[in-house]
file structure-v2.cif (mmCIF, C-alpha atoms and all ligand atoms)
data_run
#
loop_
_atom_site.label_atom_id
_atom_site.label_comp_id
_atom_site.auth_asym_id
_atom_site.auth_seq_id
_atom_site.Cartn_x
_atom_site.Cartn_y
_atom_site.Cartn_z
CA MET A 1 121.31 137.35 119.07
CA TYR A 2 124.46 138.34 120.90
CA ASN A 3 126.22 137.89 124.19
CA GLU A 4 125.02 140.58 126.60
CA LYS A 5 128.22 140.46 128.66
CA MET A 6 130.39 140.97 125.57
CA TYR A 7 128.06 143.71 124.28
CA ASN A 8 128.44 145.59 127.54
CA LEU A 9 132.21 145.28 127.40
CA GLY A 10 132.30 146.54 123.82
CA ASN A 11 129.79 149.30 124.43
CA LYS A 12 131.40 150.76 127.54
CA ARG A 13 133.84 153.40 126.34
CA SER A 14 136.83 153.51 128.65
CA VAL A 15 137.66 156.81 130.34
CA ILE A 16 140.97 156.80 128.48
CA ARG A 17 139.13 156.44 125.17
CA GLU A 18 136.80 159.33 126.09
CA LEU A 19 139.81 161.51 126.89
CA PHE A 20 141.44 160.55 123.61
CA GLU A 21 138.30 161.54 121.65
CA TYR A 22 138.07 164.81 123.57
CA GLY A 23 141.74 165.52 122.78
CA LYS A 24 141.10 164.99 119.06
CA LYS A 25 138.17 167.42 119.09
CA ARG A 26 140.13 170.03 120.98
CA ILE A 27 143.08 169.74 118.59
CA ALA A 28 140.73 170.24 115.62
CA GLU A 29 139.31 173.37 117.28
CA PHE A 30 142.33 175.00 118.92
CA GLY A 31 145.40 173.30 117.40
CA ALA A 32 147.85 170.62 118.58
CA ASP A 33 149.52 172.89 121.14
CA SER A 34 146.26 173.18 123.10
CA VAL A 35 146.33 169.58 124.30
CA PHE A 36 148.66 167.98 126.85
CA ASP A 37 147.79 164.34 126.50
CA TYR A 38 148.88 162.26 129.50
CA SER A 39 146.22 159.61 128.96
CA LEU A 40 147.80 156.70 127.09
CA GLY A 41 150.57 154.29 128.11
CA ASN A 42 151.92 154.13 124.58
CA PRO A 43 155.75 154.24 124.72
CA ASN A 44 157.11 157.35 122.97
CA VAL A 45 160.75 156.24 123.15
CA GLU A 46 161.76 154.69 119.84
CA ALA A 47 162.20 150.94 119.55
CA PRO A 48 165.97 150.22 119.61
CA LYS A 49 167.57 150.48 116.14
CA GLU A 50 168.50 146.77 116.35
CA ILE A 51 164.79 145.91 116.03
CA ASN A 52 164.35 147.46 112.59
CA GLU A 53 167.75 146.18 111.48
CA THR A 54 166.81 142.65 112.55
CA ILE A 55 163.44 142.83 110.80
CA THR A 56 165.18 143.87 107.56
CA GLU A 57 167.80 141.15 107.94
CA LEU A 58 165.14 138.48 108.58
CA LEU A 59 163.04 139.58 105.62
CA ASN A 60 166.12 139.54 103.39
CA THR A 61 167.55 136.22 104.50
CA LEU A 62 164.67 133.90 105.37
CA ASP A 63 162.05 132.50 103.05
CA SER A 64 158.42 133.54 103.37
CA ILE A 65 157.22 130.54 105.37
CA GLU A 66 160.01 130.96 107.94
CA VAL A 67 159.06 134.60 108.51
CA HIS A 68 155.31 134.59 108.00
CA GLY A 69 154.25 130.96 108.51
CA TYR A 70 152.58 129.40 111.56
CA THR A 71 154.97 128.44 114.33
CA SER A 72 154.35 125.69 116.88
CA ALA A 73 151.64 126.72 119.36
CA PRO A 74 153.97 127.54 122.31
CA GLY A 75 156.39 129.29 119.92
CA ASN A 76 159.61 128.44 118.11
CA LEU A 77 161.85 126.14 120.13
CA SER A 78 164.91 128.32 119.44
CA THR A 79 163.08 131.43 120.73
CA ARG A 80 161.91 129.64 123.87
CA LYS A 81 165.48 128.43 124.45
CA ALA A 82 166.78 131.99 124.11
CA ILE A 83 164.19 133.24 126.63
CA SER A 84 165.03 130.41 129.05
CA LYS A 85 168.78 131.22 128.80
CA ASN A 86 168.08 134.93 129.30
CA ILE A 87 166.07 134.21 132.48
CA LYS A 88 168.86 132.02 133.82
CA GLU A 89 171.53 134.64 133.10
CA ARG A 90 169.61 137.53 134.60
CA PHE A 91 167.83 135.97 137.56
CA ASN A 92 169.78 132.78 138.14
CA PHE A 93 166.56 130.78 137.86
CA ASP A 94 165.96 127.73 135.64
CA ILE A 95 162.78 127.78 133.59
CA PRO A 96 163.17 125.12 130.89
CA GLU A 97 162.06 126.02 127.35
CA ASN A 98 159.12 123.62 127.66
CA ASN A 99 157.71 125.80 130.44
CA ILE A 100 157.79 128.90 128.22
CA TYR A 101 154.73 129.74 126.12
CA ILE A 102 155.11 132.71 123.77
CA THR A 103 152.08 135.00 123.64
CA SER A 104 150.65 138.08 121.96
CA GLY A 105 151.81 140.36 124.78
CA ALA A 106 151.05 140.40 128.50
CA ALA A 107 147.28 140.75 127.97
CA ALA A 108 147.21 137.38 126.20
CA ALA A 109 149.64 135.93 128.75
CA LEU A 110 147.24 136.92 131.54
CA THR A 111 144.03 135.71 129.88
CA ILE A 112 145.65 132.39 128.96
CA THR A 113 147.06 131.92 132.48
CA LEU A 114 143.73 132.75 134.15
CA ASN A 115 141.84 130.40 131.83
CA ALA A 116 144.42 127.69 132.47
CA LEU A 117 143.99 127.98 136.24
CA SER A 118 140.26 128.65 136.73
CA THR A 119 138.20 125.62 137.62
CA LYS A 120 134.42 125.15 137.43
CA ASP A 121 133.47 127.06 140.56
CA ARG A 122 134.21 130.74 140.32
CA ALA A 123 137.85 131.13 141.27
CA GLU A 124 138.96 134.12 143.29
CA TYR A 125 141.94 136.20 142.26
CA ILE A 126 143.39 138.87 144.47
CA THR A 127 145.27 141.95 143.35
CA PHE A 128 146.60 145.06 145.02
CA ALA A 129 145.21 148.53 144.38
CA PRO A 130 146.02 150.57 142.45
CA PHE A 131 145.79 148.05 139.64
CA PHE A 132 145.52 147.69 135.83
CA PRO A 133 141.71 147.85 135.22
CA GLU A 134 141.76 145.09 132.60
CA TYR A 135 142.35 142.57 135.42
CA ASN A 136 138.60 142.82 136.08
CA VAL A 137 137.78 141.98 132.47
CA PHE A 138 140.36 139.18 132.24
CA THR A 139 139.37 137.44 135.50
CA ASN A 140 135.64 137.65 134.72
CA ALA A 141 136.19 136.22 131.24
CA ALA A 142 138.02 133.32 132.89
CA ASN A 143 135.02 132.64 135.13
CA GLY A 144 136.77 134.17 138.10
CA VAL A 145 136.24 137.13 140.38
CA LEU A 146 138.74 139.82 141.29
CA LYS A 147 139.15 140.93 144.89
CA VAL A 148 141.10 144.13 145.42
CA VAL A 149 143.30 144.80 148.44
CA PRO A 150 143.58 148.47 149.49
CA PHE A 151 146.91 150.29 149.60
CA ASP A 152 148.81 152.45 152.02
CA GLU A 153 148.43 156.05 150.75
CA LYS A 154 151.93 157.06 151.91
CA THR A 155 153.89 154.30 150.18
CA PHE A 156 151.41 152.93 147.64
CA THR A 157 152.31 149.43 148.83
CA PRO A 158 149.67 146.83 149.74
CA ASN A 159 147.87 146.94 153.05
CA LEU A 160 149.21 143.58 154.20
CA ALA A 161 146.74 143.11 157.07
CA ALA A 162 143.86 143.50 154.61
CA PHE A 163 145.63 141.14 152.20
CA GLU A 164 145.89 138.46 154.88
CA LYS A 165 142.17 138.80 155.64
CA SER A 166 141.19 138.59 151.96
CA LEU A 167 142.74 135.14 151.38
CA SER A 168 140.41 132.18 151.65
CA ALA A 169 139.99 128.55 150.60
CA LYS A 170 138.58 129.91 147.33
CA THR A 171 141.70 131.93 146.43
CA LYS A 172 143.19 130.63 143.21
CA GLY A 173 145.80 133.28 142.52
CA VAL A 174 147.35 136.59 143.48
CA ILE A 175 148.27 139.03 140.73
CA VAL A 176 151.28 141.24 141.41
CA ASN A 177 152.25 144.07 139.07
CA SER A 178 155.59 145.69 139.87
CA PRO A 179 156.79 148.13 138.52
CA ASN A 180 153.20 149.21 138.86
CA ASN A 181 150.71 150.73 136.48
CA PRO A 182 149.39 153.29 137.56
CA SER A 183 151.60 154.29 140.54
CA GLY A 184 155.12 153.65 139.17
CA VAL A 185 155.93 152.01 142.52
CA VAL A 186 158.36 149.06 142.60
CA TYR A 187 157.75 146.57 145.42
CA ASP A 188 161.01 146.04 147.30
CA GLU A 189 162.29 142.65 148.43
CA ASP A 190 160.91 143.06 151.93
CA THR A 191 157.38 143.66 150.59
CA ILE A 192 157.62 140.64 148.28
CA LYS A 193 158.82 138.44 151.15
CA LYS A 194 155.94 139.60 153.33
CA ILE A 195 153.41 138.90 150.54
CA VAL A 196 154.91 135.43 150.07
CA ASP A 197 154.86 134.69 153.83
CA ILE A 198 151.16 135.58 153.98
CA ILE A 199 150.39 133.32 150.99
CA GLU A 200 152.41 130.44 152.49
CA LYS A 201 150.48 130.79 155.74
CA ALA A 202 147.16 130.73 153.83
CA ASN A 203 148.28 127.64 151.89
CA LYS A 204 148.85 125.81 155.18
CA LYS A 205 145.62 127.07 156.73
CA PHE A 206 143.37 126.26 153.77
CA ASN A 207 145.36 123.39 152.28
CA THR A 208 145.70 125.28 148.97
CA ASN A 209 148.41 125.97 146.39
CA ILE A 210 147.76 129.63 145.60
CA VAL A 211 149.48 130.76 142.40
CA LEU A 212 151.42 134.01 142.31
CA ILE A 213 150.97 135.64 138.91
CA SER A 214 153.68 138.19 138.20
CA ASP A 215 152.49 140.64 135.55
CA GLU A 216 155.67 142.41 134.58
CA PRO A 217 155.58 144.40 131.35
CA TYR A 218 157.56 147.21 133.05
CA ARG A 219 160.36 145.09 134.57
CA GLU A 220 163.10 146.85 132.59
CA LEU A 221 161.69 150.35 132.99
CA VAL A 222 163.25 151.22 136.34
CA TYR A 223 165.34 154.18 137.35
CA ASP A 224 168.36 154.63 139.60
CA ASP A 225 169.36 150.92 139.28
CA ILE A 226 166.58 149.86 141.59
CA PHE A 227 166.27 146.10 142.28
CA VAL A 228 163.13 144.36 140.99
CA PRO A 229 162.80 140.95 142.71
CA TYR A 230 162.19 138.01 140.36
CA LEU A 231 159.21 136.30 141.98
CA PRO A 232 160.03 132.64 141.08
CA ASN A 233 163.09 133.09 143.33
CA TYR A 234 160.80 133.79 146.29
CA TYR A 235 157.80 131.51 145.81
CA ASP A 236 157.55 128.14 144.05
CA ASN A 237 153.97 128.47 142.76
CA THR A 238 154.76 131.34 140.41
CA ILE A 239 153.81 132.10 136.82
CA VAL A 240 155.44 135.08 135.08
CA CYS A 241 153.47 137.01 132.45
CA TYR A 242 155.98 139.04 130.49
CA SER A 243 155.75 141.45 127.57
CA TYR A 244 158.08 143.24 125.17
CA SER A 245 155.46 145.99 124.60
CA LYS A 246 157.14 148.49 126.87
CA SER A 247 160.64 147.05 127.34
CA LEU A 248 161.32 147.23 123.58
CA SER A 249 158.63 149.80 122.65
CA LEU A 250 156.70 147.24 120.58
CA PRO A 251 153.10 147.42 121.92
CA GLY A 252 151.44 147.09 118.53
CA GLU A 253 153.45 144.02 117.57
CA ARG A 254 151.91 141.91 120.36
CA ILE A 255 154.72 139.77 121.73
CA GLY A 256 155.44 138.42 125.22
CA TYR A 257 155.47 135.12 127.07
CA ILE A 258 154.26 133.00 129.97
CA ALA A 259 156.95 131.33 132.10
CA VAL A 260 155.69 128.57 134.39
CA SER A 261 158.08 127.88 137.26
CA PRO A 262 159.08 124.19 137.19
CA LYS A 263 158.67 124.26 140.99
CA LEU A 264 154.95 125.11 140.67
CA HIS A 265 152.57 122.52 142.10
CA MET A 266 151.71 120.12 139.22
CA ALA A 267 153.79 122.28 136.86
CA ASP A 268 153.70 119.81 133.95
CA ALA A 269 149.90 119.69 134.00
CA VAL A 270 149.67 123.48 134.26
CA VAL A 271 151.98 123.84 131.22
CA LEU A 272 149.53 121.67 129.27
CA ALA A 273 146.56 123.65 130.61
CA VAL A 274 148.30 126.83 129.39
CA ALA A 275 148.62 125.29 125.92
CA GLY A 276 144.95 124.23 126.09
CA ALA A 277 143.80 127.70 127.15
CA GLY A 278 145.83 129.33 124.34
CA ARG A 279 144.23 126.89 121.92
CA SER A 280 140.67 127.38 123.18
CA LEU A 281 141.03 131.16 123.08
CA GLY A 282 142.12 130.89 119.45
CA TYR A 283 145.60 132.36 119.75
CA VAL A 284 147.12 129.68 117.47
CA CYS A 285 150.63 131.14 117.86
CA ALA A 286 152.28 134.50 118.52
CA SER A 287 153.65 136.62 115.66
CA SER A 288 156.18 134.50 113.79
CA LEU A 289 158.29 137.47 112.68
CA PHE A 290 158.45 138.96 116.16
CA GLN A 291 159.33 135.64 117.77
CA ARG A 292 162.43 135.71 115.57
CA VAL A 293 163.07 139.39 116.29
CA ILE A 294 163.05 139.00 120.07
CA GLU A 295 165.22 135.88 119.82
CA LYS A 296 167.89 137.90 118.02
CA CYS A 297 167.39 140.98 120.21
CA ILE A 298 167.07 139.18 123.54
CA ASN A 299 169.75 141.39 125.18
CA VAL A 300 168.70 144.64 123.53
CA LYS A 301 167.25 147.37 125.75
CA VAL A 302 165.23 150.48 125.12
CA ASP A 303 166.92 153.75 126.15
CA ILE A 304 165.19 154.60 129.42
CA ALA A 305 167.15 157.83 129.95
CA ALA A 306 164.38 159.77 128.18
CA TYR A 307 161.72 158.37 130.56
CA LYS A 308 163.89 159.24 133.56
CA LYS A 309 164.36 162.78 132.25
CA ASN A 310 160.57 163.06 131.85
CA ARG A 311 159.98 161.61 135.29
CA ASP A 312 162.32 164.10 136.93
CA LEU A 313 160.74 167.05 135.12
CA ILE A 314 157.09 166.16 135.80
CA TYR A 315 157.62 164.97 139.37
CA ASN A 316 159.79 167.95 140.40
CA SER A 317 157.55 170.50 138.68
CA LEU A 318 154.30 169.17 140.14
CA THR A 319 155.61 168.79 143.68
CA GLU A 320 157.08 172.30 143.49
CA ILE A 321 153.66 173.67 142.56
CA GLY A 322 152.15 171.85 145.56
CA TYR A 323 150.69 168.65 144.10
CA GLN A 324 151.01 165.50 146.18
CA CYS A 325 152.46 162.41 144.52
CA ILE A 326 154.92 159.65 145.19
CA GLU A 327 158.15 159.63 143.16
CA PRO A 328 157.80 156.78 140.67
CA LYS A 329 160.75 154.38 140.64
CA GLY A 330 159.65 152.58 137.50
CA ALA A 331 157.20 152.32 134.57
CA PHE A 332 156.19 155.68 133.03
CA TYR A 333 153.27 156.75 135.19
CA LEU A 334 152.81 159.34 137.91
CA PHE A 335 149.85 158.99 140.27
CA VAL A 336 148.77 162.35 141.64
CA LYS A 337 146.35 163.19 144.45
CA SER A 338 143.29 164.91 143.02
CA LEU A 339 142.66 168.42 144.30
CA GLU A 340 139.06 167.54 145.05
CA GLU A 341 137.51 164.34 146.37
CA ASP A 342 135.99 163.37 143.04
CA ALA A 343 138.85 162.68 140.63
CA ASN A 344 136.39 162.65 137.69
CA ALA A 345 135.37 166.24 138.42
CA PHE A 346 139.05 167.14 138.81
CA SER A 347 139.89 165.48 135.49
CA ASP A 348 137.03 167.47 133.87
CA LYS A 349 138.46 170.76 135.16
CA ALA A 350 141.94 169.73 133.94
CA LYS A 351 140.42 169.00 130.52
CA GLU A 352 139.27 172.59 130.19
CA LEU A 353 142.95 173.57 130.35
CA GLY A 354 143.88 170.90 127.81
CA LEU A 355 145.35 168.51 130.42
CA LEU A 356 144.21 164.93 129.80
CA LEU A 357 144.54 163.07 133.11
CA VAL A 358 142.92 159.68 133.83
CA PRO A 359 140.78 159.48 137.03
CA GLY A 360 141.97 156.73 139.37
CA ASP A 361 138.54 155.16 140.07
CA ASP A 362 138.97 152.29 137.59
CA PHE A 363 142.44 151.63 139.02
CA GLY A 364 140.85 151.02 142.43
CA ALA A 365 142.10 154.36 143.77
CA LYS A 366 139.46 157.06 144.03
CA GLY A 367 140.79 160.57 144.56
CA PHE A 368 143.84 160.18 142.32
CA VAL A 369 144.64 160.78 138.65
CA ARG A 370 147.16 158.97 136.46
CA LEU A 371 149.60 160.74 134.17
CA ALA A 372 151.37 158.67 131.54
CA TYR A 373 154.62 160.59 130.99
CA CYS A 374 155.72 158.53 127.99
CA VAL A 375 155.33 161.75 125.98
CA SER A 376 157.73 164.33 124.57
CA TYR A 377 159.85 166.33 127.03
CA ASP A 378 158.75 169.45 125.22
CA MET A 379 155.06 168.68 125.84
CA ILE A 380 155.72 168.24 129.56
CA LYS A 381 157.54 171.59 129.67
CA ARG A 382 154.73 173.34 127.83
CA SER A 383 152.10 171.79 130.12
CA ILE A 384 153.54 173.09 133.43
CA PRO A 385 151.78 176.52 133.28
CA ALA A 386 148.45 174.67 132.82
CA PHE A 387 149.18 172.56 135.93
CA LYS A 388 149.93 175.82 137.81
CA LYS A 389 146.67 177.35 136.66
CA LEU A 390 144.75 174.23 137.66
CA TYR A 391 146.33 174.32 141.12
CA GLU A 392 145.47 178.00 141.54
CA MET A 393 141.83 177.27 140.63
CA TYR A 394 141.64 175.24 143.86
CA GLN A 395 143.30 177.78 146.18
N1 LIG A 401 149.63 144.61 132.41
C1 LIG A 401 149.82 145.90 132.71
C2 LIG A 401 150.04 146.28 134.12
C3 LIG A 401 149.79 146.88 131.70
O1 LIG A 401 149.97 148.17 132.02
C4 LIG A 401 149.56 146.48 130.37
C5 LIG A 401 149.49 147.47 129.30
O2 LIG A 401 149.51 148.66 129.46
C6 LIG A 401 149.38 145.11 130.11
C7 LIG A 401 149.42 144.20 131.14
C8 LIG A 401 149.14 144.60 128.72
O3 LIG A 401 150.31 144.78 127.98
P1 LIG A 401 150.52 144.12 126.54
O4 LIG A 401 150.63 145.26 125.57
O5 LIG A 401 151.82 143.40 126.63
O6 LIG A 401 149.39 143.22 126.27
#
call {"tool": "encode", "arguments": {"input": "structure-v2.cif", "output": "structure tokens"}}
result
Amino acid sequence: MYNEKMYNLGNKRSVIRELFEYGKKRIAEFGADSVFDYSLGNPNVEAPKEINETITELLNTLDSIEVHGYTSAPGNLSTRKAISKNIKERFNFDIPENNIYITSGAAAALTITLNALSTKDRAEYITFAPFFPEYNVFTNAANGVLKVVPFDEKTFTPNLAAFEKSLSAKTKGVIVNSPNNPSGVVYDEDTIKKIVDIIEKANKKFNTNIVLISDEPYRELVYDDIFVPYLPNYYDNTIVCYSYSKSLSLPGERIGYIAVSPKLHMADAVVLAVAGAGRSLGYVCASSLFQRVIEKCINVKVDIAAYKKNRDLIYNSLTEIGYQCIEPKGAFYLFVKSLEEDANAFSDKAKELGLLLVPGDDFGAKGFVRLAYCVSYDMIKRSIPAFKKLYEMYQ
């Protein structure tokens, strides 16, 4: 009657969803001030004013079919040209418009890319813990398997010796997410170079062309002018999966893109496979209106000062209390060491004080909890006494 695998996916409530439901119940019982919801990565910083202005302008100046009609499958040529120019200006790297495929956000960019790459035999993809849990769902749906490389608990960077060991003749791709969800860590140039060296060595050893998949929805959300290496500049076989969900605070509008490096092995064929995967998954085209919006707002940026202010408050307050965490350099997440071995039990205790913290197990990091600090500054301030109380419960 139905697909068991899909049923299980639909039936399994995510921990984040459970926390969200709990938060709603608690608010109904004790009021909004009783919940400090750090569960969801939904940007609280407003979309730049240029976005709404552009939407209004487009609706007032274009006819209905131009705004709401189908676009070509990879997206409007003018939008792809604008993206290509933007990449060249910012990273000094040429990705022609024909190698750009506009998608409904990074999730679609990833599923399309994985489906475009996976061949008949189960392909192996490698990622570095802690990682975005949907990678498991996306790789499985693309007939692949995800292998997870452990991390160094001091720096939250990949354990490179374990990475080297995990590569094999079956490895199809390596997924890198920096700035990282859930740790907020940004991989520096040295780390990227080391990752690339290891992949190059494996390519020689196994006679493969492993693809580096750069999942980068948080590229622009970095603090203190930190440098985020652009991976196509370091490794030829690279595909970038980009999203405007966080960089322009537009997660519900579903807009992003895939950029296939022209230096990728058999790049022209892969570009066609990307188009075929998008077609077979039924994406048809990305939002027509938002393709036009991002084209006009290609240089617009969200104001990240509010995230930085939040980061400083939550990081300084928690470390002062005695919590252990690494200072996030990007994204809007803080990954905190649980005060007991089982982060689920810790999250349950936090819940009793109204603190909604996501256990790290699904992120491949047991013993940690994730806080999404894309929330109001005021809520963070009000939550600090609860964090103190929670800490004292463990002393
Ligand atoms: N990749 C990572 C690491 C994410 O954190 C998210 C969303 O939170 C996504 C991909 C999916 O983002 P999008 O909204 O662009 O589909």
call {"tool": "residues_around", "arguments": {"input": "structure-v2.cif", "residues": "Leu248 in chain A", "least_positions_apart": "5", "cutoff": "9 Å", "atoms": "all atoms listed in the file", "output": "MDAnalysis selection string"}}
result
chainID A and resid 46:48 51 243 300:303
call {"tool": "closest_residue", "arguments": {"input": "structure-v2.cif", "among": "A:Glu340, A:Glu216, A:Asp152, A:Glu4", "to": "ligand LIG 401 (chain A)", "atoms": "all atoms listed in the file"}}
result
A:Glu216
call {"tool": "residues_near_ligand", "arguments": {"input": "structure-v2.cif", "ligand": "ligand LIG 401 (chain A)", "cutoff": "10 Å", "atoms": "all atoms listed in the file", "output": "VMD selection string"}}
result
chain A and resid 40 to 43 103 to 111 131 to 135 175 to 182 214 to 218 241 to 247 249 to 257 331 to 333
call {"tool": "atom_distance", "arguments": {"input": "structure-v2.cif", "atom1": "CA of Asn60 in chain A", "atom2": "CA of Tyr101 in chain A"}}
result
27.2 Å
call {"tool": "residues_around", "arguments": {"input": "structure-v2.cif", "residues": "Leu339 in chain A", "least_positions_apart": "6", "cutoff": "8 Å", "atoms": "all atoms listed in the file", "output": "number ranges by chain"}}
result
A: 346, 391, 394
call {"tool": "write_last_selection", "arguments": {"input": "structure-v2.cif", "atoms": "C-alpha atoms", "output": "compact mmCIF listing (two decimals), keeping the file's coordinate frame"}}
result
# COMPACT_ATOMS: atom_id res chain seq x y z
CA PHE A 346 139.05 167.14 138.81
CA TYR A 391 146.33 174.32 141.12
CA TYR A 394 141.64 175.24 143.86
call {"tool": "closest_residue", "arguments": {"input": "structure-v2.cif", "among": "A:Ala129, A:Glu295, A:Phe36, A:Asn233", "to": "Phe387 in chain A", "atoms": "all atoms listed in the file"}}
result
A:Phe36
call {"tool": "residues_around", "arguments": {"input": "structure-v2.cif", "residues": "Ile226 in chain A", "least_positions_apart": "6", "cutoff": "10 Å", "atoms": "only C-alpha atoms", "output": "PyMOL selection string"}}
result
chain A and resi 186+188+329-330
call {"tool": "atom_distance", "arguments": {"input": "structure-v2.cif", "atom1": "CA of Val358 in chain A", "atom2": "CA of Ile27 in chain A"}}
result
18.3 Å
call {"tool": "atom_distance", "arguments": {"input": "structure-v2.cif", "atom1": "CA of Ala116 in chain A", "atom2": "CA of Glu97 in chain A"}}
result
18.4 Å
call {"tool": "closest_residue", "arguments": {"input": "structure-v2.cif", "among": "A:Thr157, A:Ser261, A:Ser168, A:Asn115", "to": "Pro130 in chain A", "atoms": "only C-alpha atoms"}}
result
A:Thr157
call {"tool": "residues_around", "arguments": {"input": "structure-v2.cif", "residues": "Val271 in chain A", "least_positions_apart": "3", "cutoff": "9 Å", "atoms": "only C-alpha atoms", "output": "PyMOL selection string"}}
result
chain A and resi 98-101+116+260+266-268+274-276
call {"tool": "decode", "arguments": {"input": "structure-v2.cif", "residues": "range 311-317 of chain A", "atoms": "all heavy atoms", "output": "PDB file, in the first residue's frame"}}
result
ATOM      1  N   ARG A 311      25.664  35.970  19.922  1.00  0.00           N
ATOM      2  CA  ARG A 311      26.746  35.009  20.151  1.00  0.00           C
ATOM      3  C   ARG A 311      27.576  35.410  21.362  1.00  0.00           C
ATOM      4  O   ARG A 311      27.858  34.608  22.243  1.00  0.00           O
ATOM      5  CB  ARG A 311      27.644  34.944  18.911  1.00  0.00           C
ATOM      6  CG  ARG A 311      28.616  33.828  18.934  1.00  0.00           C
ATOM      7  CD  ARG A 311      30.112  34.102  18.845  1.00  0.00           C
ATOM      8  NE  ARG A 311      30.663  35.414  18.778  1.00  0.00           N
ATOM      9  CZ  ARG A 311      31.775  35.697  18.109  1.00  0.00           C
ATOM     10  NH1 ARG A 311      32.365  34.755  17.410  1.00  0.00           N
ATOM     11  NH2 ARG A 311      32.277  36.913  18.128  1.00  0.00           N
ATOM     12  N   ASP A 312      27.941  36.693  21.406  1.00  0.00           N
ATOM     13  CA  ASP A 312      28.787  37.159  22.507  1.00  0.00           C
ATOM     14  C   ASP A 312      28.076  36.974  23.845  1.00  0.00           C
ATOM     15  O   ASP A 312      28.679  36.508  24.811  1.00  0.00           O
ATOM     16  CB  ASP A 312      29.170  38.635  22.296  1.00  0.00           C
ATOM     17  CG  ASP A 312      30.111  38.791  21.111  1.00  0.00           C
ATOM     18  OD1 ASP A 312      30.661  37.763  20.662  1.00  0.00           O
ATOM     19  OD2 ASP A 312      30.282  39.926  20.618  1.00  0.00           O
ATOM     20  N   LEU A 313      26.789  37.301  23.888  1.00  0.00           N
ATOM     21  CA  LEU A 313      26.053  37.194  25.155  1.00  0.00           C
ATOM     22  C   LEU A 313      25.943  35.729  25.606  1.00  0.00           C
ATOM     23  O   LEU A 313      26.285  35.400  26.751  1.00  0.00           O
ATOM     24  CB  LEU A 313      24.648  37.800  25.005  1.00  0.00           C
ATOM     25  CG  LEU A 313      23.750  37.664  26.231  1.00  0.00           C
ATOM     26  CD1 LEU A 313      24.337  38.379  27.442  1.00  0.00           C
ATOM     27  CD2 LEU A 313      22.341  38.197  25.955  1.00  0.00           C
ATOM     28  N   ILE A 314      25.522  34.848  24.709  1.00  0.00           N
ATOM     29  CA  ILE A 314      25.288  33.457  25.128  1.00  0.00           C
ATOM     30  C   ILE A 314      26.616  32.753  25.430  1.00  0.00           C
ATOM     31  O   ILE A 314      26.739  32.059  26.436  1.00  0.00           O
ATOM     32  CB  ILE A 314      24.416  32.677  24.100  1.00  0.00           C
ATOM     33  CG1 ILE A 314      24.015  31.300  24.628  1.00  0.00           C
ATOM     34  CG2 ILE A 314      25.049  32.517  22.739  1.00  0.00           C
ATOM     35  CD1 ILE A 314      22.950  31.314  25.651  1.00  0.00           C
ATOM     36  N   TYR A 315      27.616  32.985  24.587  1.00  0.00           N
ATOM     37  CA  TYR A 315      28.901  32.311  24.800  1.00  0.00           C
ATOM     38  C   TYR A 315      29.557  32.791  26.107  1.00  0.00           C
ATOM     39  O   TYR A 315      29.978  31.981  26.932  1.00  0.00           O
ATOM     40  CB  TYR A 315      29.831  32.546  23.596  1.00  0.00           C
ATOM     41  CG  TYR A 315      31.225  32.027  23.827  1.00  0.00           C
ATOM     42  CD1 TYR A 315      31.479  30.655  23.824  1.00  0.00           C
ATOM     43  CD2 TYR A 315      32.280  32.899  24.098  1.00  0.00           C
ATOM     44  CE1 TYR A 315      32.753  30.166  24.085  1.00  0.00           C
ATOM     45  CE2 TYR A 315      33.555  32.418  24.354  1.00  0.00           C
ATOM     46  CZ  TYR A 315      33.792  31.059  24.345  1.00  0.00           C
ATOM     47  OH  TYR A 315      35.053  30.570  24.610  1.00  0.00           O
ATOM     48  N   ASN A 316      29.606  34.123  26.285  1.00  0.00           N
ATOM     49  CA  ASN A 316      30.257  34.657  27.493  1.00  0.00           C
ATOM     50  C   ASN A 316      29.502  34.248  28.757  1.00  0.00           C
ATOM     51  O   ASN A 316      30.108  33.866  29.758  1.00  0.00           O
ATOM     52  CB  ASN A 316      30.361  36.194  27.425  1.00  0.00           C
ATOM     53  CG  ASN A 316      31.342  36.614  26.329  1.00  0.00           C
ATOM     54  OD1 ASN A 316      32.246  35.864  25.981  1.00  0.00           O
ATOM     55  ND2 ASN A 316      31.149  37.800  25.771  1.00  0.00           N
ATOM     56  N   SER A 317      28.164  34.292  28.694  1.00  0.00           N
ATOM     57  CA  SER A 317      27.382  33.962  29.893  1.00  0.00           C
ATOM     58  C   SER A 317      27.551  32.496  30.263  1.00  0.00           C
ATOM     59  O   SER A 317      27.759  32.155  31.431  1.00  0.00           O
ATOM     60  CB  SER A 317      25.895  34.243  29.677  1.00  0.00           C
ATOM     61  OG  SER A 317      25.712  35.558  29.251  1.00  0.00           O
TER      62      SER A 317
END
